[in-house]
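Content type PDB, C-alpha atoms, from the file coords.pdb:
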ATOM      1  CA  MET O 207    -116.408-173.477  35.616
ATOM      2  CA  ALA O 208    -118.301-170.549  37.116
ATOM      3  CA  LYS O 209    -121.556-171.515  38.733
ATOM      4  CA  GLY O 210    -124.243-169.055  39.747
ATOM      5  CA  ILE O 211    -126.821-169.609  42.408
ATOM      6  CA  THR O 212    -130.079-170.858  40.951
ATOM      7  CA  GLU O 213    -133.376-171.389  42.700
ATOM      8  CA  SER O 214    -132.533-175.068  43.263
ATOM      9  CA  THR O 215    -129.127-174.090  44.704
ATOM     10  CA  VAL O 216    -130.863-171.711  47.111
ATOM     11  CA  GLU O 217    -133.053-174.624  48.252
ATOM     12  CA  GLU O 218    -129.932-176.758  48.811
ATOM     13  CA  ILE O 219    -128.316-173.958  50.829
ATOM     14  CA  LYS O 220    -131.402-173.518  52.980
ATOM     15  CA  ALA O 221    -131.573-177.259  53.685
ATOM     16  CA  ALA O 222    -127.853-177.456  54.486
ATOM     17  CA  VAL O 223    -127.754-174.404  56.758
ATOM     18  CA  ASP O 224    -130.818-175.047  58.879
ATOM     19  CA  PRO O 225    -134.144-176.705  58.122
ATOM     20  CA  ASP O 226    -135.995-173.894  59.924
ATOM     21  CA  LEU O 227    -134.295-171.288  57.719
ATOM     22  CA  LYS O 228    -136.465-172.402  54.803
ATOM     23  CA  LYS O 229    -139.458-170.745  56.499
ATOM     24  CA  LEU O 230    -137.575-167.453  56.800
ATOM     25  CA  LEU O 231    -136.524-167.178  53.161
ATOM     26  CA  HIS O 232    -139.971-166.762  51.659
ATOM     27  CA  PRO O 233    -140.665-163.130  52.562
ATOM     28  CA  GLY O 234    -143.954-161.377  52.010
ATOM     29  CA  SER O 235    -144.734-157.860  50.838
ATOM     30  CA  ASN O 236    -144.593-156.519  54.428
ATOM     31  CA  ASP O 237    -141.209-158.085  55.275
ATOM     32  CA  ASP O 238    -137.832-156.358  55.482
ATOM     33  CA  ILE O 239    -134.754-158.360  54.448
ATOM     34  CA  PHE O 240    -131.179-157.939  55.685
ATOM     35  CA  ILE O 241    -128.406-159.662  53.726
ATOM     36  CA  TYR O 242    -124.797-159.621  54.941
ATOM     37  CA  TRP O 243    -122.224-161.145  52.588
ATOM     38  CA  CYS O 244    -118.628-161.427  53.776
ATOM     39  CA  GLY O 245    -115.971-163.293  51.845
ATOM     40  CA  HIS O 246    -114.070-163.017  48.616
ATOM     41  CA  GLY O 247    -114.918-161.235  45.386
ATOM     42  CA  THR O 248    -113.268-161.409  41.979
ATOM     43  CA  SER O 249    -112.105-158.549  39.790
ATOM     44  CA  ASN O 250    -115.031-159.167  37.420
ATOM     45  CA  GLY O 251    -117.533-158.732  40.268
ATOM     46  CA  GLU O 252    -118.333-162.341  41.080
ATOM     47  CA  LEU O 253    -118.823-163.338  44.717
ATOM     48  CA  ASN O 254    -117.122-166.560  45.786
ATOM     49  CA  TRP O 255    -119.531-169.121  47.224
ATOM     50  CA  LEU O 256    -118.563-172.629  48.329
ATOM     51  CA  ASN O 257    -116.880-174.217  45.279
ATOM     52  CA  GLY O 258    -118.294-171.767  42.757
ATOM     53  CA  VAL O 259    -119.148-168.148  42.240
ATOM     54  CA  VAL O 260    -122.235-165.971  42.249
ATOM     55  CA  PRO O 261    -122.331-163.698  39.185
ATOM     56  CA  LYS O 262    -122.704-160.000  40.018
ATOM     57  CA  SER O 263    -126.137-159.978  38.382
ATOM     58  CA  ASP O 264    -127.603-162.718  40.614
ATOM     59  CA  PRO O 265    -128.671-160.505  43.550
ATOM     60  CA  THR O 266    -130.871-158.491  41.203
ATOM     61  CA  MET O 267    -132.394-161.763  39.993
ATOM     62  CA  TRP O 268    -133.033-162.796  43.616
ATOM     63  CA  PHE O 269    -134.819-159.517  44.300
ATOM     64  CA  SER O 270    -136.958-159.870  41.184
ATOM     65  CA  LEU O 271    -138.170-163.269  42.464
ATOM     66  CA  MET O 272    -138.970-162.059  45.991
ATOM     67  CA  ASN O 273    -141.774-160.140  47.603
ATOM     68  CA  PHE O 274    -140.583-157.703  50.255
ATOM     69  CA  ARG O 275    -141.085-154.261  51.693
ATOM     70  CA  LYS O 276    -137.394-153.293  51.893
ATOM     71  CA  VAL O 277    -133.982-154.923  51.429
ATOM     72  CA  ILE O 278    -130.624-153.808  52.758
ATOM     73  CA  MET O 279    -127.592-155.742  51.549
ATOM     74  CA  PHE O 280    -124.091-155.277  52.969
ATOM     75  CA  ILE O 281    -121.295-156.812  50.896
ATOM     76  CA  GLU O 282    -117.788-157.135  52.323
ATOM     77  CA  THR O 283    -115.713-158.434  49.427
ATOM     78  CA  CYS O 284    -113.133-157.118  47.020
ATOM     79  CA  TYR O 285    -114.755-155.363  44.046
ATOM     80  CA  SER O 286    -118.180-155.505  45.743
ATOM     81  CA  GLY O 287    -119.039-152.158  44.155
ATOM     82  CA  GLN O 288    -119.733-154.047  40.919
ATOM     83  CA  VAL O 289    -122.603-155.894  42.607
ATOM     84  CA  GLY O 290    -123.777-152.634  44.178
ATOM     85  CA  SER O 291    -123.792-150.902  40.790
ATOM     86  CA  ASN O 292    -125.807-153.747  39.283
ATOM     87  CA  ILE O 293    -128.359-153.429  42.081
ATOM     88  CA  ALA O 294    -128.497-149.640  41.672
ATOM     89  CA  ASP O 295    -128.975-150.006  37.902
ATOM     90  CA  TYR O 296    -131.804-152.470  38.526
ATOM     91  CA  GLY O 297    -133.704-149.677  40.225
ATOM     92  CA  LYS O 298    -136.232-151.698  42.205
ATOM     93  CA  PRO O 299    -137.685-149.445  44.932
ATOM     94  CA  GLY O 300    -136.838-150.325  48.517
ATOM     95  CA  VAL O 301    -133.425-151.928  47.819
ATOM     96  CA  LEU O 302    -130.244-150.486  49.345
ATOM     97  CA  CYS O 303    -126.795-152.004  48.853
ATOM     98  CA  ILE O 304    -123.744-150.900  50.857
ATOM     99  CA  THR O 305    -120.373-152.228  49.751
ATOM    100  CA  ALA O 306    -116.938-152.398  51.371
ATOM    101  CA  ALA O 307    -115.146-151.550  48.125
ATOM    102  CA  ASN O 308    -115.807-149.753  44.889
ATOM    103  CA  GLU O 309    -115.891-151.484  41.495
ATOM    104  CA  SER O 310    -112.094-151.643  41.144
ATOM    105  CA  GLU O 311    -110.965-151.763  44.776
ATOM    106  CA  GLU O 312    -109.848-154.575  47.049
ATOM    107  CA  SER O 313    -111.311-154.947  50.537
ATOM    108  CA  TRP O 314    -108.871-156.110  53.184
ATOM    109  CA  ALA O 315    -109.503-158.614  55.992
ATOM    110  CA  ASP O 316    -109.220-157.229  59.503
ATOM    111  CA  MET O 317    -108.464-160.554  61.147
ATOM    112  CA  THR O 318    -105.377-162.737  61.118
ATOM    113  CA  GLU O 319    -107.017-166.157  60.841
ATOM    114  CA  LEU O 320    -109.625-167.769  58.645
ATOM    115  CA  ASP O 321    -112.762-168.957  60.380
ATOM    116  CA  PRO O 322    -112.199-172.744  60.424
ATOM    117  CA  LYS O 323    -115.842-173.612  59.736
ATOM    118  CA  MET O 324    -116.527-171.053  57.012
ATOM    119  CA  GLY O 325    -113.093-171.027  55.372
ATOM    120  CA  THR O 326    -113.069-167.225  55.079
ATOM    121  CA  TYR O 327    -112.397-164.119  57.127
ATOM    122  CA  LEU O 328    -115.537-162.963  58.925
ATOM    123  CA  SER O 329    -114.605-159.317  59.200
ATOM    124  CA  ASN O 330    -112.728-156.646  57.329
ATOM    125  CA  GLY O 331    -111.694-153.036  57.826
ATOM    126  CA  PHE O 332    -115.050-151.825  56.507
ATOM    127  CA  SER O 333    -117.080-153.348  59.330
ATOM    128  CA  THR O 334    -114.636-152.839  62.181
ATOM    129  CA  THR O 335    -113.930-149.142  61.704
TER     130      THR O 335
END

If you convert what's in this file into structure tokens, what do you get?
Amino acid sequence: MAKGITESTVEEIKAAVDPDLKKLLHPGSNDDIFIYWCGHGTSNGELNWLNGVVPKSDPTMWFSLMNFRKVIMFIETCYSGQVGSNIADYGKPGVLCITAANESEESWADMTELDPKMGTYLSNGFSTT
């Protein structure tokens, strides 16, 4: 079953990654945010995350819940253009999304081995060229 990231899931992620990260993920209106997402994407625009998926509309929901000055989001997944289009359609000022693929395109890994800790490739042709 597909599972999106909710506010409680974000709290779980912050606690699991690093207790000090929790302080960093509550930006204010003068803060700039950089998000880099590398991994797998599905043909319907979902981003794979742990044992579930993040629906392509979730990043726009995240941005609607946050205060910030500017956001830049890089997405290196197959079909990442679907997320980028959703963000562009949202139209919140100060948000830029750059994707490794268009809405119907695959994005190819540029490494030969999965990262053993993350279980995914940490680079693709988009970021290494």

Distance query Ser310 (chain O) at most 9 Å, all atoms listed in the file, self and fewer than 4 positions along chain excluded, as an MDAnalysis selection string:
chainID O and resid 249:251 284:288

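Put simply, CA of Glu252 (chain O) is 17.5 Å away from CA of Gly325 (chain O).
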
Counting only C-alpha atoms, figure out which residue out of O:Trp243, O:Pro233, O:Lys298, O:Asp238 gets nearest to Ser270 (chain O).
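Answer, going by the shortest atom-to-atom distance: O:Lys298.
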
Distance in Å - CA of Tyr242 (chain O) versus CA of Asp295 (chain O):
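Computing the Euclidean distance for CA of Tyr242 (chain O) and CA of Asp295 (chain O) yields 20.0 Å.
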
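The space between CA of Met267 (chain O) and CA of Trp314 (chain O) spans 27.6 Å.
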
Matched chain/residue IDs from the PyMOL selection byres ((chain O and resi 306) around 10), as a PyMOL selection string
chain O and resi 244+280-287+290+304-305+307-309+311-314+330-333

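Between Tyr296 (chain O) and the residues O:Asp237, O:Asp316, O:Pro265, O:Val277, the shortest atom-to-atom distance, using only C-alpha atoms, involves O:Pro265.
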
Given the file shown, enumerate the residues that the PyMOL selection byres ((chain O and resi 261) around 6) captures and present them as a list in words.
Gly210, Glu252, Val260, Lys262, Ser263 and Asp264 of chain O
